[in-house]
Every structure is written in structure tokens, then in C-alpha cells.
Amino acid sequence: MTLACLRNFGPRLRTAASACLLPWLWAAACLGWLALASLPVDIHSQGWLAVGALTVLFTLRSPARKRPMWRLTFLVLAGLLTARYLYWRATETLVVTDPFSTLAMLALFLAELYAVAIFFLGIFVNVMPLHRVLPTLPADRTRWPTVDVLIPTYDEDPELLQTTLIAALNMRYAPGRMQVYLLDDGGTDQKCNDPDPIKAMAARLRREQLQALCARVGAHYLTRARNVHAKAGNLNAALAHIDGELIVVLDADHVPTADFLARTVGAFLADERLFLVQTPHFFVNADPAEHNLRIFGRMPPENDMFYGAIQHGLDFWQSSFFCGSAAVLRRKALDEVGGFTGETITEDAETALELHSRGWRSLYYGRPLISGLQPETYAGFITQRVRWAQGMLQLLLLKNPLRRPGLKPWQRLGYLNSSAFWLFPYARLVFLLVPSAWLIFGLQIYHANLAQFAAYTLPHLAAVVLAGHLLYGRVRWSFVSELYEMLQSFYCLRGLNQVLRNPRAPRFKVTPKGEVHYRDYVSSLAKPFYLIYTLAWVSIAWGIWRWLEQPLTREVTAITLGWEVFNLLLLHGVLGAMYERRQRRGAPRVGVREAARLTGAFGTALEVRIVDVSASGLQLAYDPAQSLPDGPLHLELTPAALGRPVHLPVIRVWHRPGALGLKFAPKGLEQQREIVALAYGDSQRWLQIQNARRDEAERVGVLRAFFLLVGVGARGAFHHLLALLSELIIWLTRRDTRAKARASAKVQANWLKGADHTAPAKLVPSDHLDVQDASVPTLTNNPLVVVETT
Amino acid sequence: MKPCLIAGLLALCLSLPLGAALPPPPSEPTDTAAALQHFMPAPTPIDLRGAHARAELAIPVAAGIEPQRLTLYLAAANSVALRPNRSVLRVLLDDVLVAQIPLDPRRPRIEAEIELPVQGLEAGYHRLVFDVAQHYTEDCEDPHAPELWTQIDTRRSWLALQWRWRDEPYTVAVPERLFDPKRWGVHRLTIATLGEMTPELARLGALASQVAALHLRYRPLQVLHRRVQAEELQTLMQLAEGPIVLLAPPGRPVVLPGQAAPDAATLSVHRTNTGWPLLRVQGTTTEMERALRALQLTRTPLPERTQVHVLAVDAPVGSRRTLETGPVSLRELGWTHDWAVRGMYASRKLEFRLPADFYTPRTDFLTLRLNLAYGAGLRADSVLNVLVNGRFAQAVALDQRGGARYEDYQVRIPLELLQPGDNTLEFAVSLVPAEGGRCLIQSAEGLRLTLRADSTLRLPSYAPVAAVPDLRLLARTAYPYAQTSGTRLWLGDTNSSTLGAAWTLLARLAQAKGDLLPLTQVVLSGRLPPADADIILVGAPHQLPSDLNSLPPVLNKGRILHALADTSAESGFGSVQGWVAWFNWLARGLPAVQAHPYPARVGVDPPLLGQQAALLQWVDEQGRLLTWLTVEDEALYAERMRELIGAGLWGRLRGDLFVWRDADTAHASRVGATALRGRAGMWMRLSYVFSHRPVLWVLVGLVVVALAWSTHRLLLRFKARHHAGIREED
């Protein structure tokens, strides 16, 4: 017996010993790591370390993707190179000279410090992402909690809302245990009684429209008396009228799949303290950069990094937060904090922070269960991003996750990472402008020679890029972050400064969705970037002169020139993204590969393959040797979301051999629901698209990504500049014509006042006008209203 | 009158037979003859370029001699493009024109014998100036045209000096007359001792050598030993060929020939029959040491007496002032006044000394903050170049047409250009007039620059760490024997050759240090001193003490035993070609040589070194640094030491093994391990080790894996605690 006890005791002792020793070992290893990071050595030794470490990193790239231990080794080693760079940077390169140089030098150093901090926070957050499989719902439906689906709206198109409502109603759930509510903030009492009669009429019209829509589809219509606290206020107002145990929040354009609830609700039954299941925001259209640069579908969407990597990391650290939509929340938790808190304009993250600090738990489920729309224009995109930037900075300033009681240390770091990230505009603008400080003005921004740059800076940059590729390579191409940061920096900076001046000042601005425009044009928001772009070219030209004329400083000039060229190449992408390509579809098509059957009169049928589909129509591919059926056409297939066959009437829109464009002609709500289910109801389709994009992204290496971006950026910038040139030529050649037009417009204005009646006027939407038609005068600067003489 | 004038002018103008062959120059400088390159920092010809150029040499005249005749044998060549009626080479001595030589393009080779005036040629340094005016056209010309040149061959040009001793008594007040660096020839000092050699006497001899060497500043001093009996003193004084230091046996006064009775003077100086000084040191050991130390002082004059009794000496034993961390002005470093430049080209040097154990791992800089001003009318390519130890380091562009004044102009010099020990900072200015070219009157008189002496130099912080063994550090700074308080000398034998070699080495090391070495003990063969001090050993391989607990690396490994074989001597192991091991050893030398593989052999018999000498260093098991000067045959010591202390070989010392026979067959190598010395803490020592052995970075792998593994385990623990029971995707 004694021997048996000893035998049992041994492993326990070992386990206990290792449990006690492990933190000490970790602490000792950390100290060793810090010591190695700060050990000053001469340049040759540092060079050898860099070469060796980078060799190991390159070797570990593949195994690090598969095995957590190698992943950690990779990240620790990459972090060491960066830490050594930072130590060297702080101790050997900060030399005070003249005031301007010192200022520029410190600005650059602070920007780098920020970038390194975000890098390490990113490693922390993404060190061990969690990819959950959620528990399923029990067979006993009586145990299923009641669910209220809330769809807040402000000014979205009713057609868009109809699709979302129908999809919400299509969600598979226990009958009677789910209600769908449309929360109309565009038809509130306040709006309906607006002093402006046109606005009041529009609001009343909208209210009526949406009420009729809800009645028709079977959803509930809710509005409120006053528009306060924007979306959070809208949701909170609805809480007073609903009593479901769970709440699903969907943006107006976020169309849920049929299995949304089936896949998410089960987690709430498994964990009583769970307040949130967040799912990814999956988009079926391109963001402005993807659309204007023509890279949609070739690389993962920009938000895939957050939903495809970071949220999984935050989930591990119990700090996955509510993103405003595509999420299920527990009513009881919301009641504890008084609903959706609205001190910041990102009420979603703020609510989650509040609940986390009260010990509630959240989780993130990475399967796309909704499909939504990204802003179509750069202006819309910026509106959205400025709101996020302002909101997260408000969170940092007003809620300070680092000191908020109740949060665990890892949660604090998670929220710090999420909020501090949005300070990137400051750093990005410094990185954009600082090279000019040396190239043009000769300010001493970086005291290092070429050897030091090669031994310290380049390995650090390589380590950051490689680590980024390891952590995010499946969800983002390398250097895409830099491009998007450049795109957002200028306007986000203004927004951030506003928050810094007055943290409570920002107002919620709705992101426009579903915009269309029928011609290409240069975004009016591009102007600040012209300055930076011009500055980059001037800097490069000046830098070349400096390299030729000042041989003593050639090393610094060469390094800075390279940096500026890098900036310029990415600025091309920025310019390309600001050349708004026409957007003719309000409802984008989704590529699919599904078999179907097209039937016609007299039993004729054709086996077809659906190529793409939207709520309004679809494109088919068929064997051109076959002939199309005649007569009224119907599409027969079994959508995965429904699990039963459907028979949908369709109308031919266009046809060419092997391809056919059809639009749906539903008769009744049932067929509308089938169409929505076909187009948007299958989460497996979204998952396949998502995975296909990520698999492709993984195959695109760092260098290839860079050159691809350079190529598309160059093309985009070329078109942008060409358009500018065209407009300039037009402007120059039309000066006389404009003068005449102004004179003519004056006559017209007098006519409108009743001075003269020469011809009737009519209102013409501006997008039907050809601006090259100089005979059309413009009276006002309202782009929607133009008086045209007939 | 006129004929005399003409004759005088002829005498002044004509060089004795131009074109006649000059007598050959001396192969090495003597007291009566030396090539011009002997008086130059580097043995290079003198190039005089441009329409007007000037070169100046400092010609020393020793104290105590009276020059009788000074002849310059000049060998030069001029460009064939010169205009003969407008080109002339002037020779001036102390600004007095002594010769004018027309530069004839038809006879471009110049060989002239010029009698230099000796009147007024007192002891000291005299300026010998070569001033040339040369033109290639009668018309206006480019004063910097490349065809305007004259070159003086400083190897074939030489000076012959006939002199006699001044009839002045020697006094202890002027030690310079005893050990005069201005003498042209090889400096030799004979230390004569009476009776048996004792450790105290050997130590006093070492002290005397160092004192003499310090007075010679940087001129190499060969020390010879001679053991005499009392009755041989007369012969000693009759046949003296150089200065002599006579060390009496401690406690026993010495009566010199001509003295009636012994005297109590511990220090006295006498004239030998040949005119050389003889310095007698007697008394107790303490008194003798005190007397020699007193003689070392250069700033505290001793009485104008031929003998003194030194009662006390209170002078710190330390090294020359080294630069410390922090700013120091150029004035503090020896620039007594601002440097004002007028003209196109000028340079000025500044010497400073860095500590021997100066280490900084970072790419740090010596920061100069210059206060300077320059005048207007300079062309944009005017520049002030800063050179460190002869290497270009930085430049200050003087490109403001209207002149400028800079305060605190920062120039950063990479520390890698500096060396332990003496360093030279040179400011070389090139002021080019803005207007120039053909047919333009140019004046260099308005070209001005002033560099103020309150400009500063700042050394960054450093760690006092050095790696030993390092013969280069030894040669430059006498490290570590200059630092430690207990350097000991071990002699394998007490014969004159060994003693002379040891004293010569110590004298040279004292010059490197700039002060006396703290030699606390001398051991005459037998056991080594206690293990609390570094040791300098002088002796043949077979004399090495039996208690040496670790042999030098060259004697540890059988292969390297071969390496010390003298390739010029036949050995019992066969011809040179058979000694493949020698090539293998050379492969590890500096500079690198192709390595050839060879089968291992073990050699056990001498001869090892043959005609060569070796200087080795290694650290023994007790951490002592041992420096060993050795030859197979002690009779070779004198010759080998003469070669070693010359600038040619001494400056090539590096590694931990140096083997030489002459300047052409010297090899340096590193065969043993290194150890760190210094007061640096563990952190700096780690930094040093990692800097010098980058392979240690593989330890990074251990730390990285340990951190990754422990982090992984902790994360799994976290996961088990906070995400228990969850299912994850595959």
C-alpha cells in the first residue's frame, strides 16, 4: 500500500512541482529575453544575430502555422528582434541637435513606439486564437429561449429592409418563440412633426411604408417619440416593448442566414453567465478601396483581419466585444446595465466593456451567419471609420479599460489593443511626412548609418512583416494595412482631434449603404491626399538632388528615399481608391455554384448552373448546345437554407449563348421568402467563400502581395490622375462657356421669379445629366436639383 | 668687391657639381649621418606641387655637441614641363636661404651637395625648408597645374654632420644631455653593474632603462648590460660608445677613475674619455631607486651640479593623462592658442590618449564641438577635414561665400577609428579661393580660418574592459603592466644578453605607457613569483621554470611545436617544404594565409625558434597574464631586440604570438584563448563577450525556446481554466 501511495504520489508531486515552477520558469525566461533584448553589442555581432534570427524565422514560417509551440517560438524570436531594435533606437539614435530636427526626431520615435506597442499587443491578443464549435440546441424546443430580433433602421431603402426582414423571419427556430422587430428611427414622432414640411412628409411616408412592409412580411414595427442617442437609444426604446430572453441585433443591411439562431442560441443554454455571442460581419460587396482598385474577391476583405483573426484572439482572452450587429445578447445582462449604454458613439463596445467588468462572459463564433453591405463610396467608408475611431477613442478616454474595476488583466489588454489601435492616424501621418523632413529640409530625423540600419532596422521591419504574415496571412495581404491606414488617416485624425478636445462631442452618423452612381468620378475627399502625394514626389526629387550633391550624407538619403518611394507606391493605391468607379447595383450579386433546372412551357426544361444571385435576380450558365425553354420560365432547385425544393417564376432579362440573365418575379410572400433563402440563407456558402479567400490569401506571400498592390495602385492612380487631367482640360476649355452659362442662368433665375416665362422648367436628377453638356445651366449648388430648359 | 660678391653668390647659388653622383646614404641613421626620411613621420618622398610649395623638416641637433660641418646631399627630380628661367628650388635653414637650385627641365634630376651653415646651430630643432617656385609658362597660368611638381627623394637625400663634444660638464640638471632624443643615431644605453647580479640590482637596472627611455620620448632605446669589476672601470670609460649608467652594488659606493675617495652622492654624472656621459648611481637600494626616480622628473629641475644626494622624491607613478568621459577643451589637450590659418593649405594635429581598456559595444562617437570661423571668398569646395590617426573621419564644408562663424559645430567621429593609447586628431584645411583659373591674379593672403582652442572633445561613457592576451594593446599602452600595481619580472638567466633584452623591453613599455612601470619584483630564474601579479618572463625555452602551471599554448599542442621552427635553418625533421605544419600555423596568423592541411606530428627536440625570437602572451590557470620574451640562443637577444623596438616591428605586434627574425620575416598569430580584464560589471562583460563571439547568440535559441515553451504551458493552463470543456474546430 505504501508503494502504491508512493507511485500515485509521484506523478502528483511532479504535477504540483511543475505547476509551481512553471511561472518561475516563465519569469526567468522573460528576464532572459529582456536581457538579450537590451544587451548592447557591436554592429557585427548584431548583424550576425539578425541574419541568424531571420533565417530561423523563415524556416519556421510553415511549421508555425500548424503547431502552437512553433508559433510561439516564432513570435518570441520576432519580438526579440523588435525589442532589440527599440532598445537600440532609444539608447543610441536619439541625438538632440537643433529644435526642428529634435521635434521631427521625437515625432518619429513616438510613432515608432506606438507601432511597436501595437505590434506586441497584437501578438498578445493573437497568441492563441480560439476557434469554437458552439453547442447545438436541445431537441426539446420548449427549453429554447425566446428571441427578439431587432433591426434598427434610419434611412435605409425599404427594399433593403424587406430582404433583411424576410431573412430574419426565415431563421429556423421554434415556432412562436421568435419575434422580429423593425425599429424605425426615420419615422419617429419627432421626425414626423419636423418643422420642415418636406421632411415631415418624408418621415410620415416612410413610417407608412415600413409599417405596411412589416405587416406584409409578418414583422413588428416599432418607433419612438424622439431621436435621442442614435442607434443605442433606438434599441433601448425597443427594449421597453419586448420581453424575449435573448436579443438579436441586426443592422438594416445584415441579412441573416437561416441557421443563425440554430447555431448561436445553444451557447446561452450552456453558460448562464454568457451575455454575448458575436458572429463575423460578412460582406457580399466590395468596400470602396476594393471596388475602385478592382481587387474585390482577389484578396480577403479588409475587415476579415478583425473578424477572422483578432476576434478569435480576443475570445481566448475573454474580451470579444459586441460589434453592433450580427450578435445575440442576453436580455438579463442588458437589463443589469440599463440597456445599451450610449456615452460613446460605439455603444456596442461600450456595452460589452460594461458587462465584462461585471463578470459576464462573451464568446465569438467565427462562422459567417449574416451577409451585409459595405459602404460603396469613400465618403461613406470614411463616415463609418471616423465613427469607429472616435468611439473607440472615447472608450479609451471615458471608460479607460486599464483602470476600470472588474476587468481581468488580460481583458484590459484586449480592450486596450482594440481601442489604442485607432490612434494609428497619428503614427501613419508621421510616417508619411517625416521622410520629407530630411529629404527637403535636411532635418536630422534618424541618427544612424547604413550599417546600423541594416543590422537593426531592416531585421525589425522584416520580423514585423513576417509576424504579421503569420498571424494574419490568411485574412490579410501584407501591406494592405498600410494602404487602408493611409486611406483613413487624414479624416480619422480630424475626428480624433475632435474627441481629444471634447470627448463627448462626437455625434453618431449613420453609414450610408446601398449608394449607386452611374459614372466614374474623383472623390471630393481626395484633396488632402493631393498635397501629400505632391509632397512625396517633391521629396523624392529633392532627395535625388541631395544624393548627388551631398555625398557625405548619402546613406541617410538613400534610406529615406527608399522609405519615401514606399510611401509613394502606397499613395498610388490611395489615389486609386479615391477614384470612385460607377456603382450601378444597389443589391450586389453573390457568386454561387449551384445546380438548378430552368423549366418552361410544355414541360421543357434545361439543366443550368446558377452563377450569381441576388434578391432581385440571377445569372445562369448552361450548355450552349442546348436550347432555352420557351414560355413562362421557372427555376427549380432545393436551396440548402430551406432543405426543400422551390419553384420560382423568373423573367429573362438578357441572353447570350451559354449565359442567361433572369430576374425573379415572385408571386406572394412565400416566394419572396424562398428567393431570400436562396440568395442569402445558406451560411455554408458564406463559409466556403470566406475559406476560399483565405486559402488564396495564404498562398500570396509577402513580396507578391506587395507587388500586386503596387500594380493595382499604379493603375488606379493612373486613372485618377487621368480623370483629373480631363476635368482640368474641360474646366479650362469651358471657361467662356461657363461665363455665358452664368449669364443665362441669371436670366433663368429672373424667369423663375416671374420676370419672364420663356419655357417651362422641370426637375431633373443630377445623375441623368451629362456634365459635359455645357448648355445646361445650373442655378443652385444643390446637386440633386437642376433646372433644365426644354 | 664685385668679384667677391659674385663669388659669394656663386657659392650660394651653385650646387656642387650638379649631376655628380652623391655619396650613398647611410643604411641606418648614425650620430653623424641620417637620411632625410629619418626626420619625417613617414618615409615618403617630399612632393612639392603647384606654383609655390613648401616643405619643412625639423632637424634636431643634440645637446652637448658642437656642430662642425653640416652637409645636405640632396637628390630630387623636377617636372620636364617647367620653365627654367622661372623655376627654382630654395633651401633654407632656420629661414636663412642657403641654396638656390634652378629647376631645369632639360636636366630634371638634381643631385646637389649643399653646405649648411653651422654658425648658430645650437642644440634643439632647426627648420630645414624646401621652398619651390615653379612655372610652366611665361604667360599667366593655372597655379595648380599638374605639371608643376618637384620631388625630393628623402631616402637618397641625407645629412652629414661633423661634430665634436662641447667642452661643458654634464650636470644632473639636464638629463636631456644624458639621454637626448635629438641624437640622430640608434639610441643605446649601457647599464654597467659591479659584482654579482642581484634581484635588486636587476630591478634598478630596469628602472634606469625606463628613465632613460622616457627622456627619449618615442625614440627606441636599446639597453645593453655589462658586468664590470672595479678595475675595469677605467676601460669602461675609455671605450664608451654611448651613455652609460653605472649601478653600484647597493650599500657599496663606487670610486671612479680620477676620484680620490668615495663620496656620498647617490647620483652623479661624469664625462667619459670619449665624451659620453656616465651616470653613477649608488647608495642603498632605496636611495638608488629614489635617485633614479628623481632623474625621471622632467618638470622639476635638479641642481646644476654633477652630483647630488637625493633625499626624497614624491611623485606619483601614473600613466600619461588619458581622456576621460565628458567634454575637454582642445586647450586642455595642449593647444595653447587658437589655430589661425592663412593661406590655402594647412594642418594641425592634436594628440590625446585613450585608456588601454577602453570598450564600448555600441556604435558610439567621439563628439567634437568646434568653434570656428572662416573668411569670405572661398570656393564651395573649401573644406576642413578631420582625420583620426591618419584616416579621414569627417569634413566641415566651408561653403558659405560670405564666410561664416560656427559655434558648437558638432562633428561625430566613430569610435572605431580610435585606438587604445595614443591617438592623433588632425585638422587639415583646404581653402580654395572662389576666383581662380588662368590669367587671374590669385591671392591666398585673404583666405582665413580660425579654429578656437575652446572647442571641445567629448568621449562617451565606456567600460574599462579589455581582452588579454593582446600584444597590440601591450605595444600601444603597455597594458596590463601599466595598470597593475604588482608587475613582476622573471629572468631565465643573469647574463648580459638576457638582462639587456629585459631592460630594453621594459624601456619600450615605459615609453608606451608614458611613465614608469610599477615593477615590484625581479626574480632571477628559479621559481615564479607568487600568483598575485602579472609576470614578464625573459629567457630561453629551456629555462622556463618548472612551476609554471600552464605552458604557453604554443608548447601545449604538438602541432604548434613545429610552427616555431625557423624555416631558414635545417632541422632534424627535414627541409622547409616538409614542415607543412609551419604553413598551418601561418594560416592562423595575421594577416591570413592560405591554410594547408598536414598530418599531425609531435616534435620534442629543440631547436624550436632557430634564429628567430618570440614574444608570447597567455593567461595561466590562476588568471595571471604572462608575457614571455624568448630566443633559443641568448646571444641573439641584442640583435632581435634592436629589430623589435623599431617602429617597423613594434607597431606590428598583435595577437598573442609574435615571431620575428627581422622586419621582413615577422609573423603575428593568435593561438590561445582570451580572457577579459577590467572593472566592468557582468553586464558589460557579457556585452563584450557577445560582441566578440557572435556564435554565443545561439543561446538566444535556448531562451526563446524556454520562453515559448513556458508561455505555451501557461496558455494551455489558462485555456483549461477559463475555457474548460469547449470544443474547437480542427
# chains A, B, ... in the order shown; residues from 1 in each chain; ligands from 1
$ closest_atom_pairs --of "chain B" --to "chain A" --cutoff "10 Å" --atoms "only C-alpha atoms" --output "JSON lines"
{"residue": "B:Thr360", "atom": "CA", "partner": "A:Asp42", "partner_atom": "CA", "distance": 8.1}
{"residue": "B:Pro361", "atom": "CA", "partner": "A:Asp42", "partner_atom": "CA", "distance": 4.7}
{"residue": "B:Arg362", "atom": "CA", "partner": "A:Asp42", "partner_atom": "CA", "distance": 5.3}
{"residue": "B:Thr363", "atom": "CA", "partner": "A:Asp42", "partner_atom": "CA", "distance": 6.5}
{"residue": "B:Asp364", "atom": "CA", "partner": "A:Glu92", "partner_atom": "CA", "distance": 7.6}
{"residue": "B:Gln394", "atom": "CA", "partner": "A:Leu552", "partner_atom": "CA", "distance": 8.5}
{"residue": "B:Ala395", "atom": "CA", "partner": "A:Leu552", "partner_atom": "CA", "distance": 8.3}
{"residue": "B:Gln410", "atom": "CA", "partner": "A:Thr97", "partner_atom": "CA", "distance": 8.8}
{"residue": "B:Trp683", "atom": "CA", "partner": "A:Leu39", "partner_atom": "CA", "distance": 7.7}
{"residue": "B:Met684", "atom": "CA", "partner": "A:Pro40", "partner_atom": "CA", "distance": 8.3}
{"residue": "B:Leu686", "atom": "CA", "partner": "A:Leu39", "partner_atom": "CA", "distance": 7.9}
{"residue": "B:Ser687", "atom": "CA", "partner": "A:Val41", "partner_atom": "CA", "distance": 5.4}
{"residue": "B:Tyr688", "atom": "CA", "partner": "A:Val41", "partner_atom": "CA", "distance": 7.0}
{"residue": "B:Val689", "atom": "CA", "partner": "A:Val41", "partner_atom": "CA", "distance": 8.7}
{"residue": "B:Phe690", "atom": "CA", "partner": "A:Val41", "partner_atom": "CA", "distance": 6.5}
{"residue": "B:Ser691", "atom": "CA", "partner": "A:Val41", "partner_atom": "CA", "distance": 4.9}
{"residue": "B:His692", "atom": "CA", "partner": "A:Ser45", "partner_atom": "CA", "distance": 7.2}
{"residue": "B:Arg693", "atom": "CA", "partner": "A:Ser45", "partner_atom": "CA", "distance": 7.5}
{"residue": "B:Pro694", "atom": "CA", "partner": "A:Ser45", "partner_atom": "CA", "distance": 5.0}
{"residue": "B:Val695", "atom": "CA", "partner": "A:Trp48", "partner_atom": "CA", "distance": 8.2}
{"residue": "B:Leu696", "atom": "CA", "partner": "A:Leu49", "partner_atom": "CA", "distance": 9.4}
{"residue": "B:Trp697", "atom": "CA", "partner": "A:Leu49", "partner_atom": "CA", "distance": 6.3}
{"residue": "B:Val698", "atom": "CA", "partner": "A:Leu49", "partner_atom": "CA", "distance": 8.5}
{"residue": "B:Leu699", "atom": "CA", "partner": "A:Leu36", "partner_atom": "CA", "distance": 9.4}
{"residue": "B:Val700", "atom": "CA", "partner": "A:Leu36", "partner_atom": "CA", "distance": 7.3}
{"residue": "B:Gly701", "atom": "CA", "partner": "A:Leu77", "partner_atom": "CA", "distance": 8.3}
{"residue": "B:Leu702", "atom": "CA", "partner": "A:Ala29", "partner_atom": "CA", "distance": 9.2}
{"residue": "B:Val703", "atom": "CA", "partner": "A:Ala29", "partner_atom": "CA", "distance": 5.9}
{"residue": "B:Val704", "atom": "CA", "partner": "A:Val76", "partner_atom": "CA", "distance": 6.1}
{"residue": "B:Val705", "atom": "CA", "partner": "A:Thr73", "partner_atom": "CA", "distance": 6.0}
{"residue": "B:Ala706", "atom": "CA", "partner": "A:Ala29", "partner_atom": "CA", "distance": 6.1}
{"residue": "B:Leu707", "atom": "CA", "partner": "A:Ala29", "partner_atom": "CA", "distance": 4.9}
{"residue": "B:Ala708", "atom": "CA", "partner": "A:Thr73", "partner_atom": "CA", "distance": 5.0}
{"residue": "B:Trp709", "atom": "CA", "partner": "A:Met69", "partner_atom": "CA", "distance": 6.6}
{"residue": "B:Ser710", "atom": "CA", "partner": "A:Trp26", "partner_atom": "CA", "distance": 5.2}
{"residue": "B:Thr711", "atom": "CA", "partner": "A:Trp26", "partner_atom": "CA", "distance": 6.5}
{"residue": "B:His712", "atom": "CA", "partner": "A:Met69", "partner_atom": "CA", "distance": 6.4}
{"residue": "B:Arg713", "atom": "CA", "partner": "A:Leu22", "partner_atom": "CA", "distance": 7.8}
{"residue": "B:Leu714", "atom": "CA", "partner": "A:Leu22", "partner_atom": "CA", "distance": 7.5}
{"residue": "B:Leu715", "atom": "CA", "partner": "A:Met128", "partner_atom": "CA", "distance": 7.6}
{"residue": "B:Leu716", "atom": "CA", "partner": "A:Met128", "partner_atom": "CA", "distance": 9.1}
{"residue": "B:Arg717", "atom": "CA", "partner": "A:Ala19", "partner_atom": "CA", "distance": 9.3}
{"residue": "B:Phe718", "atom": "CA", "partner": "A:Phe316", "partner_atom": "CA", "distance": 9.1}
{"residue": "B:Lys719", "atom": "CA", "partner": "A:Phe316", "partner_atom": "CA", "distance": 7.6}
{"residue": "B:His722", "atom": "CA", "partner": "A:Gln318", "partner_atom": "CA", "distance": 8.4}
{"residue": "B:His723", "atom": "CA", "partner": "A:Phe316", "partner_atom": "CA", "distance": 8.0}
{"residue": "B:Ile726", "atom": "CA", "partner": "A:Arg132", "partner_atom": "CA", "distance": 7.0}
{"residue": "B:Arg727", "atom": "CA", "partner": "A:Val133", "partner_atom": "CA", "distance": 5.3}
{"residue": "B:Glu728", "atom": "CA", "partner": "A:Arg132", "partner_atom": "CA", "distance": 4.4}
{"residue": "B:Glu729", "atom": "CA", "partner": "A:His131", "partner_atom": "CA", "distance": 5.7}
{"residue": "B:Asp730", "atom": "CA", "partner": "A:His131", "partner_atom": "CA", "distance": 8.6}
$ residues_around --residues "Ser436 of chain A" --least-positions-apart "5" --cutoff "8 Å" --atoms "only C-alpha atoms" --output "PDB file with N, CA, C and O atoms, in the first residue's frame"
ATOM      1  N   PHE A 441      14.126  69.328 -46.081  1.00  0.00           N
ATOM      2  CA  PHE A 441      14.601  70.334 -45.132  1.00  0.00           C
ATOM      3  C   PHE A 441      15.902  69.947 -44.442  1.00  0.00           C
ATOM      4  O   PHE A 441      16.457  70.737 -43.702  1.00  0.00           O
ATOM      5  N   LEU A 535       3.811  66.203 -52.242  1.00  0.00           N
ATOM      6  CA  LEU A 535       4.959  66.303 -51.338  1.00  0.00           C
ATOM      7  C   LEU A 535       5.890  65.115 -51.506  1.00  0.00           C
ATOM      8  O   LEU A 535       7.111  65.249 -51.474  1.00  0.00           O
ATOM      9  N   ALA A 536       5.304  63.947 -51.693  1.00  0.00           N
ATOM     10  CA  ALA A 536       6.137  62.754 -51.862  1.00  0.00           C
ATOM     11  C   ALA A 536       6.997  62.875 -53.115  1.00  0.00           C
ATOM     12  O   ALA A 536       8.192  62.567 -53.098  1.00  0.00           O
ATOM     13  N   SER A 539       9.649  65.417 -52.538  1.00  0.00           N
ATOM     14  CA  SER A 539      10.674  64.870 -51.637  1.00  0.00           C
ATOM     15  C   SER A 539      11.621  63.956 -52.390  1.00  0.00           C
ATOM     16  O   SER A 539      12.831  63.977 -52.180  1.00  0.00           O
ATOM     17  N   GLU A 564      10.465  56.925 -48.766  1.00  0.00           N
ATOM     18  CA  GLU A 564       9.517  57.797 -49.450  1.00  0.00           C
ATOM     19  C   GLU A 564       8.951  57.109 -50.692  1.00  0.00           C
ATOM     20  O   GLU A 564       7.776  57.285 -51.014  1.00  0.00           O
TER      21      GLU A 564
END
$ select_by_dssp --residues "segment 251-437 of chain A" --states "helix (DSSP H, G or I)" --output "VMD selection string"
chain A and resid 260 to 264 266 to 270 288 to 292 304 to 316 331 to 336 347 to 357 378 to 399 409 to 437
$ residues_around --residues "Gly334 of chain B" --least-positions-apart "2" --cutoff "10 Å" --atoms "only C-alpha atoms" --output "PyMOL selection string"
chain B and resi 329-332+336-337+350-352+453
$ write_last_selection --atoms "C-alpha atoms" --output "PDB file, in the first residue's frame"
ATOM      1  CA  SER B 329      38.738  71.530 -24.468  1.00  0.00           C
ATOM      2  CA  LEU B 330      41.481  71.486 -27.055  1.00  0.00           C
ATOM      3  CA  ARG B 331      43.320  73.893 -24.834  1.00  0.00           C
ATOM      4  CA  GLU B 332      43.420  71.332 -22.088  1.00  0.00           C
ATOM      5  CA  THR B 336      47.791  76.752 -26.068  1.00  0.00           C
ATOM      6  CA  HIS B 337      46.334  79.126 -28.582  1.00  0.00           C
ATOM      7  CA  LEU B 350      46.171  67.208 -31.645  1.00  0.00           C
ATOM      8  CA  GLU B 351      47.290  64.250 -29.677  1.00  0.00           C
ATOM      9  CA  PHE B 352      45.333  62.612 -26.964  1.00  0.00           C
ATOM     10  CA  ALA B 453      41.128  76.286 -28.652  1.00  0.00           C
TER      11      ALA B 453
END
$ select_by_dssp --residues "segment 297-360 of chain A" --states "strand (DSSP E)" --output "list in words"
Ala327, Val328, Leu329 and Arg330 of chain A
$ write_last_selection --atoms "N, CA, C and O atoms" --output "PDB file, in the first residue's frame"
ATOM      1  N   ALA A 327     -25.177  39.713 -33.753  1.00  0.00           N
ATOM      2  CA  ALA A 327     -24.835  39.201 -32.426  1.00  0.00           C
ATOM      3  C   ALA A 327     -26.114  38.870 -31.683  1.00  0.00           C
ATOM      4  O   ALA A 327     -27.192  39.418 -31.955  1.00  0.00           O
ATOM      5  N   VAL A 328     -25.969  37.962 -30.734  1.00  0.00           N
ATOM      6  CA  VAL A 328     -27.073  37.594 -29.842  1.00  0.00           C
ATOM      7  C   VAL A 328     -26.667  38.012 -28.438  1.00  0.00           C
ATOM      8  O   VAL A 328     -25.545  37.738 -28.012  1.00  0.00           O
ATOM      9  N   LEU A 329     -27.561  38.694 -27.750  1.00  0.00           N
ATOM     10  CA  LEU A 329     -27.259  39.153 -26.391  1.00  0.00           C
ATOM     11  C   LEU A 329     -28.330  38.645 -25.435  1.00  0.00           C
ATOM     12  O   LEU A 329     -29.490  38.456 -25.802  1.00  0.00           O
ATOM     13  N   ARG A 330     -27.915  38.497 -24.198  1.00  0.00           N
ATOM     14  CA  ARG A 330     -28.853  38.047 -23.172  1.00  0.00           C
ATOM     15  C   ARG A 330     -29.534  39.283 -22.592  1.00  0.00           C
ATOM     16  O   ARG A 330     -28.879  40.219 -22.128  1.00  0.00           O
TER      17      ARG A 330
END
$ residues_around --residues "Arg597 of chain A" --least-positions-apart "3" --cutoff "7 Å" --atoms "only C-alpha atoms" --output "PyMOL selection string"
chain A and resi 605-608+635-637
